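File shown: work38.cif (mmCIF, C-alpha atoms).
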```
data_entry
#
loop_
_atom_site.label_atom_id
_atom_site.label_comp_id
_atom_site.auth_asym_id
_atom_site.auth_seq_id
_atom_site.Cartn_x
_atom_site.Cartn_y
_atom_site.Cartn_z
CA MET W 74 -41.31 2.11 -70.39
CA MET W 75 -38.02 2.11 -68.49
CA ALA W 76 -36.78 -1.02 -70.24
CA ILE W 77 -36.91 0.24 -73.82
CA LYS W 78 -33.55 2.04 -73.77
CA TYR W 79 -31.78 -1.23 -72.95
CA ARG W 80 -33.23 -2.91 -76.06
CA ILE W 81 -30.91 -1.23 -78.55
CA CYS W 82 -29.02 -4.51 -78.88
CA ASP W 83 -32.24 -6.01 -80.29
CA MET W 84 -32.23 -3.52 -83.17
CA PRO W 85 -29.65 -4.72 -85.70
CA GLU W 86 -30.01 -1.56 -87.80
CA LEU W 87 -28.43 0.44 -84.96
CA ALA W 88 -25.16 -1.47 -85.31
CA ALA W 89 -24.31 0.79 -88.25
CA TYR W 90 -24.33 3.86 -86.01
CA ARG W 91 -21.77 4.94 -83.45
CA PRO W 92 -21.76 6.47 -80.99
CA LEU W 93 -25.30 6.52 -79.66
CA LEU W 94 -26.47 9.13 -77.18
CA TYR W 95 -29.50 8.44 -75.00
CA LEU W 96 -31.17 11.43 -73.31
CA ASP W 97 -34.31 11.43 -71.18
CA THR W 98 -36.89 14.07 -72.04
CA ASP W 99 -35.82 16.14 -69.02
CA VAL W 100 -32.37 16.84 -70.47
CA ILE W 101 -31.49 20.09 -72.23
CA CYS W 102 -28.40 20.39 -74.40
CA ASN W 103 -26.58 23.62 -73.50
CA ALA W 104 -23.26 23.32 -75.38
CA PRO W 105 -21.95 21.76 -78.62
CA THR W 106 -21.85 17.96 -78.55
CA ASP W 107 -19.22 17.28 -81.26
CA PRO W 108 -16.29 16.88 -78.80
CA LEU W 109 -18.39 14.53 -76.66
CA LEU W 110 -19.38 12.38 -79.63
CA VAL W 111 -15.73 12.01 -80.66
CA GLU W 112 -14.80 10.95 -77.13
CA LEU W 113 -17.74 8.53 -76.90
CA SER W 114 -16.74 6.87 -80.17
CA ARG W 115 -13.39 5.96 -78.58
CA ALA W 116 -14.80 4.66 -75.28
CA ASN W 117 -14.96 0.98 -74.39
CA ARG W 118 -17.74 1.17 -71.77
CA VAL W 119 -21.18 2.75 -71.50
CA CYS W 120 -20.62 6.33 -70.33
CA VAL W 121 -22.86 7.61 -67.53
CA PRO W 122 -22.87 10.70 -65.28
CA LEU W 123 -22.30 10.36 -61.55
CA GLU W 124 -24.72 11.95 -59.11
CA MET W 125 -25.19 11.31 -55.38
CA ASP W 126 -23.98 8.64 -52.95
CA LEU W 127 -24.40 5.14 -54.36
CA ARG W 128 -25.57 3.39 -51.22
CA GLY W 129 -27.65 6.17 -49.70
CA SER W 130 -30.88 5.43 -47.86
CA HIS W 131 -32.74 7.00 -50.80
CA ASN W 132 -32.03 3.84 -52.88
CA TYR W 133 -31.93 5.87 -56.13
CA TYR W 134 -29.01 3.76 -57.33
CA GLY W 135 -29.93 0.29 -56.07
CA GLY W 136 -28.37 0.40 -52.62
CA VAL W 137 -30.68 -2.39 -51.49
CA LEU W 138 -29.33 -4.64 -54.27
CA PHE W 139 -25.72 -3.95 -53.26
CA ASN W 140 -26.62 -4.72 -49.64
CA ILE W 141 -28.14 -8.07 -50.64
CA ASP W 142 -25.10 -9.04 -52.73
CA PRO W 143 -21.80 -8.43 -50.92
CA THR W 144 -19.89 -9.62 -54.03
CA ALA W 145 -21.05 -6.57 -56.01
CA PRO W 146 -18.20 -4.05 -55.89
CA ALA W 147 -18.94 -0.36 -55.75
CA ARG W 148 -16.62 0.97 -58.43
CA HIS W 149 -17.38 4.52 -57.31
CA GLU W 150 -18.90 5.93 -54.14
CA ARG W 151 -21.47 7.86 -56.18
CA GLY W 152 -24.33 6.38 -58.17
CA PHE W 153 -24.97 7.23 -61.80
CA SER W 154 -27.99 8.48 -63.69
CA VAL W 155 -29.46 6.48 -66.55
CA GLY W 156 -31.17 9.61 -67.83
CA LEU W 157 -28.15 10.23 -70.03
CA MET W 158 -25.96 7.52 -71.51
CA GLY W 159 -23.20 7.68 -74.07
CA ILE W 160 -22.96 4.34 -75.84
CA PRO W 161 -19.90 3.82 -78.05
CA CYS W 162 -21.68 1.12 -80.09
CA THR W 163 -24.22 -1.67 -79.70
CA GLU W 164 -21.46 -4.21 -79.01
CA VAL W 165 -20.41 -2.23 -75.93
CA ALA W 166 -24.06 -2.00 -74.84
CA ARG W 167 -24.30 -5.78 -75.19
CA GLN W 168 -21.83 -6.13 -72.27
CA ALA W 169 -24.52 -5.04 -69.79
CA PHE W 170 -27.89 -4.15 -71.34
CA PRO W 171 -29.24 -7.73 -71.78
CA THR W 172 -28.38 -8.47 -68.13
CA ILE W 173 -30.14 -5.29 -66.99
CA LEU W 174 -33.24 -6.31 -68.96
CA GLU W 175 -33.13 -9.87 -67.66
CA SER W 176 -32.82 -8.57 -64.09
CA MET W 177 -35.69 -6.11 -64.49
CA TYR W 178 -38.04 -8.67 -65.98
CA GLY W 179 -36.94 -11.44 -63.61
CA LEU W 180 -37.57 -9.23 -60.60
CA ALA W 181 -40.98 -8.27 -61.97
CA ARG W 182 -41.94 -11.92 -62.56
CA GLN W 183 -41.14 -12.82 -58.94
CA GLN W 184 -43.55 -10.28 -57.50
CA LYS W 185 -47.11 -11.11 -56.59
CA ASP W 186 -47.88 -7.45 -56.08
CA ARG W 187 -45.82 -5.15 -58.30
CA SER W 188 -46.55 -2.16 -56.07
CA ALA W 189 -44.23 -3.82 -53.53
CA MET W 190 -41.40 -3.26 -56.00
CA GLY W 191 -41.55 0.52 -55.58
CA GLY W 192 -38.47 0.47 -53.36
CA ILE W 193 -36.27 -1.15 -56.01
CA PHE W 194 -38.07 -1.31 -59.34
CA GLN W 195 -36.57 1.52 -61.21
CA ASP W 196 -34.18 0.74 -64.00
CA GLN W 197 -31.57 3.06 -62.51
CA GLY W 198 -30.97 0.92 -59.41
CA ILE W 199 -30.72 -2.27 -61.43
CA ALA W 200 -28.46 -0.62 -64.03
CA ASN W 201 -26.14 0.68 -61.30
CA TYR W 202 -25.97 -2.75 -59.71
CA VAL W 203 -25.30 -4.61 -62.97
CA MET W 204 -22.84 -2.11 -64.44
CA HIS W 205 -20.85 -1.77 -61.21
CA LYS W 206 -20.72 -5.54 -60.77
CA THR W 207 -19.62 -6.17 -64.36
CA ASP W 208 -17.34 -3.10 -64.67
CA ALA W 209 -19.34 -1.94 -67.69
CA ALA W 210 -19.51 1.80 -66.93
CA ASP W 211 -17.25 4.76 -67.62
CA PHE W 212 -17.94 7.49 -65.06
CA ASP W 213 -15.69 10.23 -66.42
CA ILE W 214 -16.79 11.21 -69.90
CA MET W 215 -20.44 12.09 -69.18
CA THR W 216 -19.90 13.34 -65.62
CA ARG W 217 -17.72 16.17 -66.95
CA ARG W 218 -20.53 17.25 -69.26
CA VAL W 219 -23.67 17.09 -67.13
CA ALA W 220 -25.04 19.64 -64.68
CA THR W 221 -27.88 18.39 -62.54
CA PRO W 222 -29.95 21.35 -61.31
CA VAL W 223 -32.10 19.36 -58.89
CA GLU W 224 -32.83 22.49 -56.88
CA PHE W 225 -35.55 24.01 -59.05
CA LYS W 226 -35.43 27.24 -57.04
CA ARG W 227 -31.77 27.80 -57.93
CA PRO W 228 -31.19 30.66 -60.39
CA LEU W 229 -31.04 29.25 -63.90
CA THR W 230 -28.09 31.52 -64.69
CA GLU W 231 -26.00 29.41 -62.28
CA ILE W 232 -26.34 26.22 -64.35
CA PRO W 233 -22.93 25.68 -65.96
CA ARG W 234 -22.94 25.09 -69.70
CA LEU W 235 -21.06 21.80 -69.65
CA GLY W 236 -23.07 20.14 -72.40
CA PHE W 237 -26.26 19.01 -70.71
CA ALA W 238 -28.57 20.14 -67.92
CA HIS W 239 -30.52 17.23 -66.44
CA PHE W 240 -33.67 18.37 -64.66
CA CYS W 241 -34.06 15.04 -62.89
CA GLY W 242 -36.34 14.03 -60.07
CA GLY W 243 -40.05 13.44 -59.93
CA ILE W 244 -40.43 10.67 -62.50
CA GLY W 245 -43.53 11.48 -64.50
CA ASP W 246 -44.04 14.78 -62.63
CA ALA W 247 -43.67 17.29 -65.44
CA GLY W 248 -45.44 19.96 -63.40
CA MET W 249 -42.46 20.13 -61.08
CA LYS W 250 -39.70 20.54 -63.65
CA LEU W 251 -41.34 21.74 -66.86
CA PRO W 252 -41.55 25.42 -65.78
CA SER W 253 -37.83 25.44 -64.97
CA MET W 254 -36.98 23.70 -68.22
CA ARG W 255 -39.03 26.18 -70.27
CA ALA W 256 -37.42 29.13 -68.49
CA TYR W 257 -33.96 27.64 -69.02
CA LEU W 258 -34.59 27.16 -72.75
CA ALA W 259 -35.73 30.77 -72.98
CA LEU W 260 -32.57 31.87 -71.18
CA LEU W 261 -30.38 29.85 -73.56
CA ARG W 262 -32.12 31.36 -76.59
CA THR W 263 -31.42 34.90 -75.36
CA ARG W 264 -27.74 34.10 -74.75
CA SER W 265 -27.03 32.24 -77.98
#
```

For this file, write the structure as structure tokens.
Amino acid sequence: MMAIKYRICDMPELAAYRPLLYLDTDVICNAPTDPLLVELSRANRVCVPLEMDLRGSHNYYGGVLFNIDPTAPARHERGFSVGLMGIPCTEVARQAFPTILESMYGLARQQKDRSAMGGIFQDQGIANYVMHKTDAADFDIMTRRVATPVEFKRPLTEIPRLGFAHFCGGIGDAGMKLPSMRAYLALLRTRS
């Protein structure tokens, strides 16, 4: 499930389209996207939004992988989300996506018990590791356009309309974020 977004390079029909915008289902668009799409079409790296500290003990961004490989440079002190990605074209995606896939599947093949992979087997950690190491990520373009209201008790009126609101956290736990997302959509509809 988490690997499918990295397979766009395997779909030759997508080469005719640029840019591509990947959004998880917990992302709500809250501003026009035309300026973003123009900027993405001119980028030369995959554009991702920064979040929290890259090497935190939470391991959301693959800190354990960076600790194992001292040659992997941290190109920013914050880790990025793979819940939103601006992809200038499939050729740019090809700089990192096949390596991310190969790493995910290779790591899975090495495990006797896949439940032991819980600490690292999320595509986000592997993507952060690969894209930092290969300098394949642009951290500016999407970061300026994404608000991450991870505090679901925060008033929805405080979410800035930058372009996207990412209700991240709780993978597969719609019960936690769906009420906030529904309320936010209702708020946007009343203010449009």

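For the structure in this document, the set picked by the PyMOL selection byres ((chain W and resi 110) around 9) is W:Arg91, W:Pro92, W:Leu93, W:Leu94, W:Thr106, W:Asp107, W:Pro108, W:Leu109, W:Val111, W:Glu112, W:Leu113, W:Ser114, W:Arg115, W:Gly159, W:Pro161.
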
**Study point:** Gap from CA of Thr163 in chain W to CA of Arg151 in chain W - Å, one decimal
**Key:**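 Spanning CA of Thr163 in chain W to CA of Arg151 in chain W is a straight-line distance of 25.5 Å.
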
Practice item. Can you work out which one of W:Phe139, W:Tyr79, W:Phe153, W:Phe240 has the shortest atom-to-atom distance to Asp213 in chain W, counting all atoms listed in the file? Key: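 Among the listed residues, the smallest separation from Asp213 in chain W belongs to W:Phe153.
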
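If you look at CA of Gln183 in chain W and CA of Pro171 in chain W, they are 18.2 Å away from each other.
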
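In this model, the gap between CA of Ile199 in chain W and CA of Gly135 in chain W comes to 6.0 Å.
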
Check your understanding: Which residues, protein or nucleic acid, reach to within 8 Å of (-26.1, 14.7, -71.1) in the file's coordinates when using all atoms listed in the file, and can you give that as a PyMOL selection string?
Key -> chain W and resi 96+100-102+122+156-158+215+218-219+236-239

Check your understanding: Given the choices W:Ile160, W:Ala104, W:Val203, W:Leu138, which gets closest to Ala220 in chain W if the distance is worked out from only C-alpha atoms?
Key ->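 Closest to Ala220 in chain W, using only C-alpha atoms: W:Ala104.
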
**Study point:** Neighbour list for Pro228 in chain W as an MDAnalysis selection string, cut-off 12 Å, all atoms listed in the file, skip fewer than 6 positions in-chain
**Key:** chainID W and resid 222 253:254 256:257 260

Store the residues of this selection in a file with C-alpha atoms, as a CSV table (one decimal), in the coordinates of the input.
```csv
chain,number,residue,atom,x,y,z
W,222,PRO,CA,-30.0,21.4,-61.3
W,253,SER,CA,-37.8,25.4,-65.0
W,254,MET,CA,-37.0,23.7,-68.2
W,256,ALA,CA,-37.4,29.1,-68.5
W,257,TYR,CA,-34.0,27.6,-69.0
W,260,LEU,CA,-32.6,31.9,-71.2
```

**Study point:** Among listed residues W:Ala88, W:Asp211, W:Arg167, W:Thr98, nearest Gly242 in chain W (using all atoms listed in the file)
**Key:** W:Thr98

Point to revise | Residues selected by the PyMOL selection byres ((chain W and resi 129) around 12), written as a list of chain:residue names | key: W:Glu124, W:Met125, W:Asp126, W:Leu127, W:Arg128, W:Ser130, W:His131, W:Asn132, W:Tyr133, W:Tyr134, W:Gly135, W:Gly136, W:Val137, W:Leu138, W:Phe139, W:Asn140, W:Glu150, W:Arg151, W:Gly152, W:Gly198
